[in-house]
file structure.pdb (PDB, C-alpha atoms, pLDDT in the B column)
ATOM      1  CA  GLY A   1      -7.125   0.213  22.043  1.00 80.00           C
ATOM      2  CA  ASP A   2      -7.675   3.444  23.866  1.00 85.00           C
ATOM      3  CA  SER A   3      -7.014   6.633  21.920  1.00 90.00           C
ATOM      4  CA  VAL A   4      -7.371  10.404  22.023  1.00 93.00           C
ATOM      5  CA  THR A   5      -8.144  12.660  19.069  1.00 95.00           C
ATOM      6  CA  GLN A   6      -7.779  16.421  19.315  1.00 94.00           C
ATOM      7  CA  MET A   7      -8.098  19.202  16.804  1.00 90.00           C
ATOM      8  CA  GLU A   8      -5.057  19.930  14.736  1.00 86.00           C
ATOM      9  CA  GLY A   9      -3.306  23.223  15.038  1.00 86.00           C
ATOM     10  CA  PRO A  10      -1.919  25.652  14.981  1.00 94.00           C
ATOM     11  CA  VAL A  11      -4.762  27.707  16.364  1.00 96.00           C
ATOM     12  CA  THR A  12      -4.212  31.464  16.152  1.00 96.00           C
ATOM     13  CA  LEU A  13      -6.436  33.859  18.071  1.00 96.00           C
ATOM     14  CA  SER A  14      -6.360  37.473  19.131  1.00 97.00           C
ATOM     15  CA  GLU A  15      -6.057  38.369  22.786  1.00 97.00           C
ATOM     16  CA  GLU A  16      -9.391  38.248  24.656  1.00 96.00           C
ATOM     17  CA  ALA A  17     -10.947  35.870  22.115  1.00 97.00           C
ATOM     18  CA  PHE A  18     -12.898  32.764  23.162  1.00 97.00           C
ATOM     19  CA  LEU A  19     -11.003  29.502  22.891  1.00 97.00           C
ATOM     20  CA  THR A  20     -12.215  25.979  22.223  1.00 97.00           C
ATOM     21  CA  ILE A  21      -9.896  23.056  21.555  1.00 97.00           C
ATOM     22  CA  ASN A  22     -11.841  19.912  20.756  1.00 97.00           C
ATOM     23  CA  CYS A  23     -10.910  16.529  22.187  1.00 97.00           C
ATOM     24  CA  THR A  24     -12.666  13.181  21.822  1.00 97.00           C
ATOM     25  CA  TYR A  25     -11.617   9.828  23.156  1.00 96.00           C
ATOM     26  CA  THR A  26     -12.101   6.107  22.677  1.00 94.00           C
ATOM     27  CA  ALA A  27     -11.738   3.916  25.723  1.00 90.00           C
ATOM     28  CA  THR A  28     -13.056   0.794  27.354  1.00 83.00           C
ATOM     29  CA  GLY A  29     -14.296   1.341  30.843  1.00 80.00           C
ATOM     30  CA  TYR A  30     -14.315   4.734  32.490  1.00 83.00           C
ATOM     31  CA  PRO A  31     -11.070   6.624  32.004  1.00 89.00           C
ATOM     32  CA  SER A  32      -9.873   9.744  33.752  1.00 90.00           C
ATOM     33  CA  LEU A  33      -9.365  12.682  31.388  1.00 93.00           C
ATOM     34  CA  PHE A  34      -6.736  15.399  31.441  1.00 93.00           C
ATOM     35  CA  TRP A  35      -5.414  18.443  29.688  1.00 96.00           C
ATOM     36  CA  TYR A  36      -1.672  19.033  29.838  1.00 94.00           C
ATOM     37  CA  VAL A  37       0.070  22.226  28.686  1.00 95.00           C
ATOM     38  CA  GLN A  38       3.611  22.757  27.470  1.00 90.00           C
ATOM     39  CA  TYR A  39       4.804  26.364  27.528  1.00 90.00           C
ATOM     40  CA  PRO A  40       7.779  27.288  25.327  1.00 85.00           C
ATOM     41  CA  GLY A  41      10.996  25.864  26.736  1.00 78.00           C
ATOM     42  CA  GLU A  42       9.258  24.105  29.625  1.00 81.00           C
ATOM     43  CA  GLY A  43       8.140  20.576  30.421  1.00 80.00           C
ATOM     44  CA  LEU A  44       4.573  19.344  30.221  1.00 87.00           C
ATOM     45  CA  GLN A  45       2.447  20.195  33.207  1.00 90.00           C
ATOM     46  CA  LEU A  46      -1.009  19.135  34.230  1.00 90.00           C
ATOM     47  CA  LEU A  47      -3.545  21.881  33.498  1.00 95.00           C
ATOM     48  CA  LEU A  48      -6.775  20.244  34.657  1.00 95.00           C
ATOM     49  CA  LYS A  49      -8.438  16.877  35.126  1.00 93.00           C
ATOM     50  CA  ALA A  50     -11.787  15.139  35.471  1.00 94.00           C
ATOM     51  CA  THR A  51     -12.194  11.645  36.842  1.00 89.00           C
ATOM     52  CA  LYS A  52     -15.847  10.821  36.161  1.00 89.00           C
ATOM     53  CA  ALA A  53     -18.718  11.719  33.870  1.00 93.00           C
ATOM     54  CA  ASP A  54     -20.065  15.287  34.174  1.00 95.00           C
ATOM     55  CA  ASP A  55     -17.057  16.395  36.233  1.00 95.00           C
ATOM     56  CA  LYS A  56     -15.718  19.803  35.252  1.00 97.00           C
ATOM     57  CA  GLY A  57     -12.004  20.435  35.577  1.00 96.00           C
ATOM     58  CA  SER A  58     -10.834  24.023  35.807  1.00 97.00           C
ATOM     59  CA  ASN A  59      -7.596  25.928  36.278  1.00 97.00           C
ATOM     60  CA  LYS A  60      -6.165  29.304  35.211  1.00 95.00           C
ATOM     61  CA  GLY A  61      -9.470  30.252  33.583  1.00 97.00           C
ATOM     62  CA  PHE A  62      -9.571  27.077  31.494  1.00 98.00           C
ATOM     63  CA  GLU A  63     -12.429  24.589  31.806  1.00 98.00           C
ATOM     64  CA  ALA A  64     -13.284  21.180  30.394  1.00 98.00           C
ATOM     65  CA  THR A  65     -16.294  18.953  31.111  1.00 98.00           C
ATOM     66  CA  TYR A  66     -16.197  15.141  30.961  1.00 97.00           C
ATOM     67  CA  ARG A  67     -19.004  14.243  28.546  1.00 96.00           C
ATOM     68  CA  LYS A  68     -19.535  10.495  28.512  1.00 94.00           C
ATOM     69  CA  GLU A  69     -22.430  10.615  26.037  1.00 94.00           C
ATOM     70  CA  THR A  70     -20.282  12.314  23.400  1.00 96.00           C
ATOM     71  CA  THR A  71     -16.936  10.891  24.625  1.00 96.00           C
ATOM     72  CA  SER A  72     -15.545  14.410  24.647  1.00 97.00           C
ATOM     73  CA  PHE A  73     -13.451  16.657  26.871  1.00 98.00           C
ATOM     74  CA  HIS A  74     -13.241  19.995  25.048  1.00 98.00           C
ATOM     75  CA  LEU A  75     -10.991  22.712  26.499  1.00 98.00           C
ATOM     76  CA  GLU A  76     -12.461  26.218  26.748  1.00 98.00           C
ATOM     77  CA  LYS A  77     -11.396  29.628  27.953  1.00 98.00           C
ATOM     78  CA  GLY A  78     -13.502  32.748  27.788  1.00 97.00           C
ATOM     79  CA  SER A  79     -10.752  35.304  27.203  1.00 96.00           C
ATOM     80  CA  VAL A  80      -7.275  34.178  26.182  1.00 97.00           C
ATOM     81  CA  GLN A  81      -4.055  36.032  26.890  1.00 97.00           C
ATOM     82  CA  VAL A  82      -0.736  36.133  25.078  1.00 97.00           C
ATOM     83  CA  SER A  83       0.726  34.117  27.951  1.00 96.00           C
ATOM     84  CA  ASP A  84      -1.608  31.217  27.053  1.00 97.00           C
ATOM     85  CA  SER A  85       0.440  30.562  23.916  1.00 97.00           C
ATOM     86  CA  ALA A  86       1.578  26.956  24.303  1.00 96.00           C
ATOM     87  CA  VAL A  87       0.944  23.410  23.127  1.00 93.00           C
ATOM     88  CA  TYR A  88      -2.078  21.724  24.719  1.00 96.00           C
ATOM     89  CA  PHE A  89      -2.411  17.944  25.026  1.00 94.00           C
ATOM     90  CA  CYS A  90      -5.578  16.048  25.775  1.00 95.00           C
ATOM     91  CA  ALA A  91      -4.969  12.727  27.527  1.00 93.00           C
ATOM     92  CA  LEU A  92      -6.682   9.811  29.217  1.00 91.00           C
ATOM     93  CA  SER A  93      -5.728   7.270  31.809  1.00 86.00           C
ATOM     94  CA  ASP A  94      -7.353   3.910  32.223  1.00 72.00           C
ATOM     95  CA  ARG A  95      -8.059   3.187  35.857  1.00 63.00           C
ATOM     96  CA  MET A  96      -6.511  -0.257  35.552  1.00 63.00           C
ATOM     97  CA  ASN A  97      -3.015   0.792  34.625  1.00 63.00           C
ATOM     98  CA  ASP A  98      -0.446   3.466  35.265  1.00 73.00           C
ATOM     99  CA  LYS A  99      -0.046   4.768  31.726  1.00 79.00           C
ATOM    100  CA  ILE A 100      -1.415   7.903  30.111  1.00 86.00           C
ATOM    101  CA  ILE A 101      -2.436   8.075  26.450  1.00 87.00           C
ATOM    102  CA  PHE A 102      -1.889  11.470  24.868  1.00 89.00           C
ATOM    103  CA  GLY A 103      -3.350  13.200  21.847  1.00 91.00           C
ATOM    104  CA  LYS A 104      -1.072  14.768  19.252  1.00 90.00           C
ATOM    105  CA  GLY A 105      -1.205  18.212  20.799  1.00 92.00           C
ATOM    106  CA  THR A 106      -2.596  21.519  19.573  1.00 95.00           C
ATOM    107  CA  ARG A 107      -0.324  24.533  19.266  1.00 94.00           C
ATOM    108  CA  LEU A 108      -2.018  27.771  20.307  1.00 96.00           C
ATOM    109  CA  HIS A 109      -0.762  31.219  19.275  1.00 96.00           C
ATOM    110  CA  ILE A 110      -2.317  34.280  20.874  1.00 97.00           C
ATOM    111  CA  LEU A 111      -1.681  37.592  19.123  1.00 96.00           C
ATOM    112  CA  PRO A 112      -1.555  40.832  21.136  1.00 94.00           C
TER     113      PRO A 112
ATOM    114  CA  GLY B   1      12.449  22.065  44.855  1.00 54.00           C
ATOM    115  CA  ALA B   2      14.180  20.855  41.714  1.00 79.00           C
ATOM    116  CA  GLY B   3      12.069  19.378  38.982  1.00 90.00           C
ATOM    117  CA  VAL B   4      12.775  16.529  36.599  1.00 93.00           C
ATOM    118  CA  SER B   5      15.917  17.206  34.618  1.00 94.00           C
ATOM    119  CA  GLN B   6      17.089  15.647  31.381  1.00 95.00           C
ATOM    120  CA  SER B   7      20.380  15.718  29.554  1.00 96.00           C
ATOM    121  CA  PRO B   8      21.466  16.537  27.018  1.00 97.00           C
ATOM    122  CA  SER B   9      18.827  19.029  25.938  1.00 94.00           C
ATOM    123  CA  ASN B  10      19.803  18.504  22.319  1.00 96.00           C
ATOM    124  CA  LYS B  11      21.685  15.671  20.649  1.00 97.00           C
ATOM    125  CA  VAL B  12      22.676  15.342  17.013  1.00 97.00           C
ATOM    126  CA  THR B  13      24.089  11.998  15.997  1.00 97.00           C
ATOM    127  CA  GLU B  14      24.926  10.130  12.848  1.00 97.00           C
ATOM    128  CA  LYS B  15      22.857   7.204  11.690  1.00 97.00           C
ATOM    129  CA  GLY B  16      24.197   3.964  13.142  1.00 97.00           C
ATOM    130  CA  LYS B  17      25.676   5.494  16.294  1.00 97.00           C
ATOM    131  CA  ASP B  18      24.487   4.676  19.799  1.00 98.00           C
ATOM    132  CA  VAL B  19      23.089   7.385  22.076  1.00 98.00           C
ATOM    133  CA  GLU B  20      22.356   7.608  25.791  1.00 98.00           C
ATOM    134  CA  LEU B  21      19.745   9.946  27.214  1.00 98.00           C
ATOM    135  CA  ARG B  22      19.628  10.713  30.911  1.00 97.00           C
ATOM    136  CA  CYS B  23      16.765  11.506  33.264  1.00 97.00           C
ATOM    137  CA  ASP B  24      17.069  12.721  36.854  1.00 96.00           C
ATOM    138  CA  PRO B  25      13.677  12.361  38.539  1.00 95.00           C
ATOM    139  CA  ILE B  26      12.410  14.368  41.459  1.00 93.00           C
ATOM    140  CA  SER B  27      13.875  13.018  44.699  1.00 91.00           C
ATOM    141  CA  GLY B  28      11.549  10.520  46.353  1.00 88.00           C
ATOM    142  CA  HIS B  29       9.554   9.788  43.207  1.00 90.00           C
ATOM    143  CA  THR B  30       9.266   6.040  42.816  1.00 88.00           C
ATOM    144  CA  ALA B  31       7.730   5.901  39.347  1.00 90.00           C
ATOM    145  CA  LEU B  32       9.548   6.991  36.189  1.00 94.00           C
ATOM    146  CA  TYR B  33       8.273   7.072  32.615  1.00 94.00           C
ATOM    147  CA  TRP B  34       9.898   7.587  29.221  1.00 96.00           C
ATOM    148  CA  TYR B  35       7.905   8.917  26.260  1.00 95.00           C
ATOM    149  CA  ARG B  36       8.776   9.760  22.676  1.00 95.00           C
ATOM    150  CA  GLN B  37       7.253  12.621  20.725  1.00 90.00           C
ATOM    151  CA  ARG B  38       7.842  12.649  17.001  1.00 89.00           C
ATOM    152  CA  LEU B  39       7.184  15.817  15.039  1.00 82.00           C
ATOM    153  CA  GLY B  40       3.433  16.376  14.725  1.00 73.00           C
ATOM    154  CA  GLN B  41       2.614  13.323  16.809  1.00 77.00           C
ATOM    155  CA  GLY B  42       1.394  12.726  20.318  1.00 78.00           C
ATOM    156  CA  LEU B  43       3.458  11.307  23.129  1.00 86.00           C
ATOM    157  CA  GLU B  44       4.215   7.623  22.731  1.00 90.00           C
ATOM    158  CA  PHE B  45       4.744   5.645  25.921  1.00 90.00           C
ATOM    159  CA  LEU B  46       8.061   3.783  25.886  1.00 95.00           C
ATOM    160  CA  ILE B  47       8.805   2.313  29.310  1.00 94.00           C
ATOM    161  CA  TYR B  48       7.716   2.603  32.948  1.00 91.00           C
ATOM    162  CA  PHE B  49       9.688   1.893  36.130  1.00 92.00           C
ATOM    163  CA  GLN B  50       7.975   1.519  39.504  1.00 88.00           C
ATOM    164  CA  GLY B  51      10.200   0.981  42.492  1.00 83.00           C
ATOM    165  CA  ASN B  52      11.864  -2.427  42.439  1.00 83.00           C
ATOM    166  CA  SER B  53       9.219  -4.033  40.226  1.00 87.00           C
ATOM    167  CA  ALA B  54      10.067  -5.310  36.765  1.00 89.00           C
ATOM    168  CA  PRO B  55       9.742  -2.410  34.308  1.00 91.00           C
ATOM    169  CA  ASP B  56       6.864  -2.242  31.839  1.00 91.00           C
ATOM    170  CA  LYS B  57       8.689  -2.285  28.510  1.00 92.00           C
ATOM    171  CA  SER B  58       5.594  -2.711  26.367  1.00 90.00           C
ATOM    172  CA  GLY B  59       6.105   0.578  24.526  1.00 91.00           C
ATOM    173  CA  LEU B  60       9.679   0.084  23.351  1.00 95.00           C
ATOM    174  CA  PRO B  61       9.505   0.120  19.543  1.00 94.00           C
ATOM    175  CA  SER B  62      12.382  -2.290  18.873  1.00 95.00           C
ATOM    176  CA  ASP B  63      15.211  -4.155  20.559  1.00 96.00           C
ATOM    177  CA  ARG B  64      17.496  -1.233  19.726  1.00 97.00           C
ATOM    178  CA  PHE B  65      15.833   0.621  22.592  1.00 97.00           C
ATOM    179  CA  SER B  66      16.604  -0.166  26.217  1.00 97.00           C
ATOM    180  CA  ALA B  67      16.418   1.654  29.519  1.00 96.00           C
ATOM    181  CA  GLU B  68      17.833   1.201  32.966  1.00 95.00           C
ATOM    182  CA  ARG B  69      17.120   2.644  36.355  1.00 94.00           C
ATOM    183  CA  THR B  70      19.036   1.986  39.517  1.00 84.00           C
ATOM    184  CA  GLY B  71      16.736   2.032  42.522  1.00 80.00           C
ATOM    185  CA  GLU B  72      14.732   5.237  42.555  1.00 80.00           C
ATOM    186  CA  SER B  73      17.359   7.427  40.988  1.00 88.00           C
ATOM    187  CA  VAL B  74      18.671   8.271  37.558  1.00 95.00           C
ATOM    188  CA  SER B  75      17.449   6.495  34.450  1.00 97.00           C
ATOM    189  CA  THR B  76      19.166   6.182  31.103  1.00 97.00           C
ATOM    190  CA  LEU B  77      17.488   5.454  27.802  1.00 98.00           C
ATOM    191  CA  THR B  78      19.827   3.904  25.257  1.00 98.00           C
ATOM    192  CA  ILE B  79      19.190   3.735  21.541  1.00 98.00           C
ATOM    193  CA  GLN B  80      21.582   1.523  19.623  1.00 98.00           C
ATOM    194  CA  ARG B  81      22.354   1.842  15.917  1.00 98.00           C
ATOM    195  CA  THR B  82      20.206   4.942  15.602  1.00 98.00           C
ATOM    196  CA  GLN B  83      17.969   5.392  12.566  1.00 97.00           C
ATOM    197  CA  GLN B  84      16.519   8.590  11.121  1.00 96.00           C
ATOM    198  CA  GLU B  85      13.056   7.602  12.326  1.00 95.00           C
ATOM    199  CA  ASP B  86      14.398   7.770  15.893  1.00 97.00           C
ATOM    200  CA  SER B  87      14.553  11.562  15.564  1.00 97.00           C
ATOM    201  CA  ALA B  88      12.144  12.913  18.157  1.00 96.00           C
ATOM    202  CA  VAL B  89      11.881  14.607  21.519  1.00 95.00           C
ATOM    203  CA  TYR B  90      12.324  12.099  24.332  1.00 97.00           C
ATOM    204  CA  LEU B  91      10.472  13.045  27.505  1.00 95.00           C
ATOM    205  CA  CYS B  92      10.905  11.693  30.990  1.00 95.00           C
ATOM    206  CA  ALA B  93       8.391  11.997  33.805  1.00 93.00           C
ATOM    207  CA  SER B  94       8.355  10.938  37.435  1.00 92.00           C
ATOM    208  CA  ARG B  95       5.588  10.415  39.956  1.00 88.00           C
ATOM    209  CA  PRO B  96       5.493  10.294  43.761  1.00 84.00           C
ATOM    210  CA  PRO B  97       4.687   6.993  45.495  1.00 80.00           C
ATOM    211  CA  THR B  98       1.203   8.026  46.497  1.00 73.00           C
ATOM    212  CA  GLY B  99       0.310   9.677  43.221  1.00 65.00           C
ATOM    213  CA  THR B 100      -2.213   8.476  40.703  1.00 67.00           C
ATOM    214  CA  PRO B 101      -1.213   8.273  37.040  1.00 63.00           C
ATOM    215  CA  TYR B 102      -1.968  11.874  36.190  1.00 66.00           C
ATOM    216  CA  GLU B 103       0.380  13.282  38.782  1.00 74.00           C
ATOM    217  CA  GLN B 104       3.338  12.934  36.471  1.00 85.00           C
ATOM    218  CA  TYR B 105       5.978  15.637  36.497  1.00 88.00           C
ATOM    219  CA  PHE B 106       7.698  16.056  33.166  1.00 90.00           C
ATOM    220  CA  GLY B 107      11.219  17.082  32.302  1.00 92.00           C
ATOM    221  CA  PRO B 108      11.987  19.498  29.452  1.00 90.00           C
ATOM    222  CA  GLY B 109      12.953  16.683  27.090  1.00 93.00           C
ATOM    223  CA  THR B 110      15.916  15.751  24.927  1.00 96.00           C
ATOM    224  CA  ARG B 111      15.645  16.600  21.248  1.00 95.00           C
ATOM    225  CA  LEU B 112      17.383  13.860  19.263  1.00 97.00           C
ATOM    226  CA  THR B 113      18.265  14.410  15.627  1.00 97.00           C
ATOM    227  CA  VAL B 114      19.684  11.521  13.623  1.00 97.00           C
ATOM    228  CA  THR B 115      21.393  12.615  10.410  1.00 96.00           C
TER     229      THR B 115
END
call {"tool": "encode", "arguments": {"input": "structure.pdb", "output": "structure tokens"}}
result
Amino acid sequence: GDSVTQMEGPVTLSEEAFLTINCTYTATGYPSLFWYVQYPGEGLQLLLKATKADDKGSNKGFEATYRKETTSFHLEKGSVQVSDSAVYFCALSDRMNDKIIFGKGTRLHILP
Amino acid sequence: GAGVSQSPSNKVTEKGKDVELRCDPISGHTALYWYRQRLGQGLEFLIYFQGNSAPDKSGLPSDRFSAERTGESVSTLTIQRTQQEDSAVYLCASRPPTGTPYEQYFGPGTRLTVT
């Protein structure tokens, strides 16, 4: 079945460092891909999305590009801030159903 | 406006007891999802309600788990005869009628601990 694999955390970086959180997927067909973020004490919220190959999703300085050839959707940010500390989930949705499959999540700590 | 709310935020129960978890979706959202997140794991889909259609129960792990939703309002997830492996954060999400799957709005979750 469909699945999502993302790098295990926690990831600890200093403020203004470059961030990459790797995500790869296995799916039949052509899924939509997402990154969700969960800030401390808050619910999950959609961070960005891409619905077809080579699409780039972006939001709040974060970017991820849908790479069909490598089945990847890595999350990047050029300069992280303390406020980016959160848990990040990579996810996919098959176009044929209404369910989302999530990765295990990666906890990110940004040190001032 | 108000987001998805869940209650209680934390629940500690003894093994063998029944528990009820509540989700209040955003008003007007026709779709409602329940997920489970065990420590160090991803979100597991449990059940999906869409309007008046029969719910998709394909993710419920055993017959101890059940969920109800009346119309497009509150949903309750019931776990009977709780086991220690049921300890997890239970998340609820809702979606507007015109939304695609990724437009899910999540509640803060209920942390269930079975002792």
call {"tool": "interface_residues", "arguments": {"input": "structure.pdb", "of": "chain A", "to": "chain B", "cutoff": "10 Å", "atoms": "only C-alpha atoms", "output": "NGL selection string"}}
result
:A and (4-6 or 8-9 or 32-36 or 38 or 40-46 or 48-49 or 89-95 or 97-106)
call {"tool": "atom_distance", "arguments": {"input": "structure.pdb", "atom1": "CA of Val80 (chain A)", "atom2": "CA of Met7 (chain A)"}}
result
17.7 Å
call {"tool": "atom_distance", "arguments": {"input": "structure.pdb", "atom1": "CA of Thr30 (chain B)", "atom2": "CA of Thr76 (chain B)"}}
result
15.3 Å
call {"tool": "closest_residue", "arguments": {"input": "structure.pdb", "among": "B:Thr115, B:Ile26, B:Thr13, B:Arg36", "to": "Gln84 (chain B)", "atoms": "all atoms listed in the file"}}
result
B:Thr115
call {"tool": "resolve_selection", "arguments": {"input": "structure.pdb", "expression": "the PyMOL selection byres ((chain A and resi 66-73) around 9)", "output": "MDAnalysis selection string"}}
result
chainID A and resid 22:27 30 32:35 49:57 64:65 74:75 90
call {"tool": "write_last_selection", "arguments": {"input": "structure.pdb", "atoms": "C-alpha atoms", "output": "compact mmCIF listing (two decimals), keeping the file's coordinate frame"}}
result
# COMPACT_ATOMS: atom_id res chain seq x y z
CA ASN A 22 -11.84 19.91 20.76
CA CYS A 23 -10.91 16.53 22.19
CA THR A 24 -12.67 13.18 21.82
CA TYR A 25 -11.62 9.83 23.16
CA THR A 26 -12.10 6.11 22.68
CA ALA A 27 -11.74 3.92 25.72
CA TYR A 30 -14.32 4.73 32.49
CA SER A 32 -9.87 9.74 33.75
CA LEU A 33 -9.36 12.68 31.39
CA PHE A 34 -6.74 15.40 31.44
CA TRP A 35 -5.41 18.44 29.69
CA LYS A 49 -8.44 16.88 35.13
CA ALA A 50 -11.79 15.14 35.47
CA THR A 51 -12.19 11.64 36.84
CA LYS A 52 -15.85 10.82 36.16
CA ALA A 53 -18.72 11.72 33.87
CA ASP A 54 -20.07 15.29 34.17
CA ASP A 55 -17.06 16.40 36.23
CA LYS A 56 -15.72 19.80 35.25
CA GLY A 57 -12.00 20.43 35.58
CA ALA A 64 -13.28 21.18 30.39
CA THR A 65 -16.29 18.95 31.11
CA HIS A 74 -13.24 20.00 25.05
CA LEU A 75 -10.99 22.71 26.50
CA CYS A 90 -5.58 16.05 25.78
call {"tool": "atom_distance", "arguments": {"input": "structure.pdb", "atom1": "CA of Gly59 (chain B)", "atom2": "CA of Ala86 (chain A)"}}
result
26.8 Å
call {"tool": "closest_residue", "arguments": {"input": "structure.pdb", "among": "B:Arg64, B:Arg95, B:Arg111, B:His29", "to": "Ser9 (chain B)", "atoms": "all atoms listed in the file"}}
result
B:Arg111
call {"tool": "residues_around", "arguments": {"input": "structure.pdb", "residues": "His109 (chain A)", "least_positions_apart": "4", "cutoff": "12 Å", "atoms": "all atoms listed in the file", "output": "JSON, numbers by chain"}}
result
{"A": [9, 10, 11, 12, 13, 14, 15, 17, 19, 39, 40, 80, 81, 82, 83, 84, 85, 86, 87, 88]}
call {"tool": "closest_residue", "arguments": {"input": "structure.pdb", "among": "B:Ala2, B:Val12, B:Val19, B:Val89", "to": "Phe65 (chain B)", "atoms": "all atoms listed in the file"}}
result
B:Val19
call {"tool": "decode", "arguments": {"input": "structure.pdb", "residues": "region 20-35 of chain B", "atoms": "N, CA, C and O atoms", "output": "compact mmCIF listing (two decimals), in the first residue's frame"}}
result
# COMPACT_ATOMS: atom_id res chain seq x y z
N GLU B 20 -14.74 7.57 26.26
CA GLU B 20 -15.38 8.28 25.16
C GLU B 20 -14.61 9.56 24.89
O GLU B 20 -14.37 10.35 25.80
N LEU B 21 -14.26 9.77 23.64
CA LEU B 21 -13.55 10.97 23.23
C LEU B 21 -14.48 11.77 22.31
O LEU B 21 -15.15 11.19 21.46
N ARG B 22 -14.45 13.08 22.48
CA ARG B 22 -15.40 13.92 21.76
C ARG B 22 -14.69 14.86 20.79
O ARG B 22 -13.61 15.36 21.08
N CYS B 23 -15.34 15.07 19.65
CA CYS B 23 -14.83 16.01 18.66
C CYS B 23 -15.95 16.93 18.20
O CYS B 23 -17.01 16.46 17.78
N ASP B 24 -15.69 18.24 18.28
CA ASP B 24 -16.62 19.24 17.74
C ASP B 24 -16.00 19.83 16.48
O ASP B 24 -15.03 20.59 16.57
N PRO B 25 -16.53 19.50 15.32
CA PRO B 25 -15.93 20.01 14.08
C PRO B 25 -16.28 21.47 13.86
O PRO B 25 -17.12 22.04 14.56
N ILE B 26 -15.65 22.05 12.87
CA ILE B 26 -15.98 23.41 12.47
C ILE B 26 -17.39 23.40 11.87
O ILE B 26 -17.72 22.49 11.08
N SER B 27 -18.20 24.38 12.23
CA SER B 27 -19.57 24.44 11.74
C SER B 27 -19.60 24.47 10.22
O SER B 27 -18.87 25.22 9.57
N GLY B 28 -20.46 23.60 9.65
CA GLY B 28 -20.59 23.56 8.20
C GLY B 28 -19.68 22.55 7.52
O GLY B 28 -19.83 22.27 6.33
N HIS B 29 -18.73 21.99 8.29
CA HIS B 29 -17.85 20.98 7.70
C HIS B 29 -18.57 19.64 7.66
O HIS B 29 -19.03 19.13 8.67
N THR B 30 -18.64 19.07 6.45
CA THR B 30 -19.40 17.84 6.28
C THR B 30 -18.57 16.59 6.54
O THR B 30 -19.10 15.54 6.87
N ALA B 31 -17.28 16.68 6.36
CA ALA B 31 -16.41 15.51 6.52
C ALA B 31 -15.71 15.58 7.87
O ALA B 31 -15.28 16.66 8.31
N LEU B 32 -15.57 14.43 8.51
CA LEU B 32 -14.90 14.35 9.81
C LEU B 32 -14.06 13.08 9.86
O LEU B 32 -14.51 12.02 9.43
N TYR B 33 -12.84 13.23 10.34
CA TYR B 33 -11.88 12.12 10.39
C TYR B 33 -11.39 11.94 11.82
O TYR B 33 -11.20 12.91 12.55
N TRP B 34 -11.11 10.70 12.18
CA TRP B 34 -10.40 10.37 13.41
C TRP B 34 -9.09 9.68 13.04
O TRP B 34 -9.06 8.79 12.18
N TYR B 35 -8.02 10.09 13.75
CA TYR B 35 -6.70 9.49 13.58
C TYR B 35 -6.16 9.13 14.96
O TYR B 35 -6.54 9.71 15.98
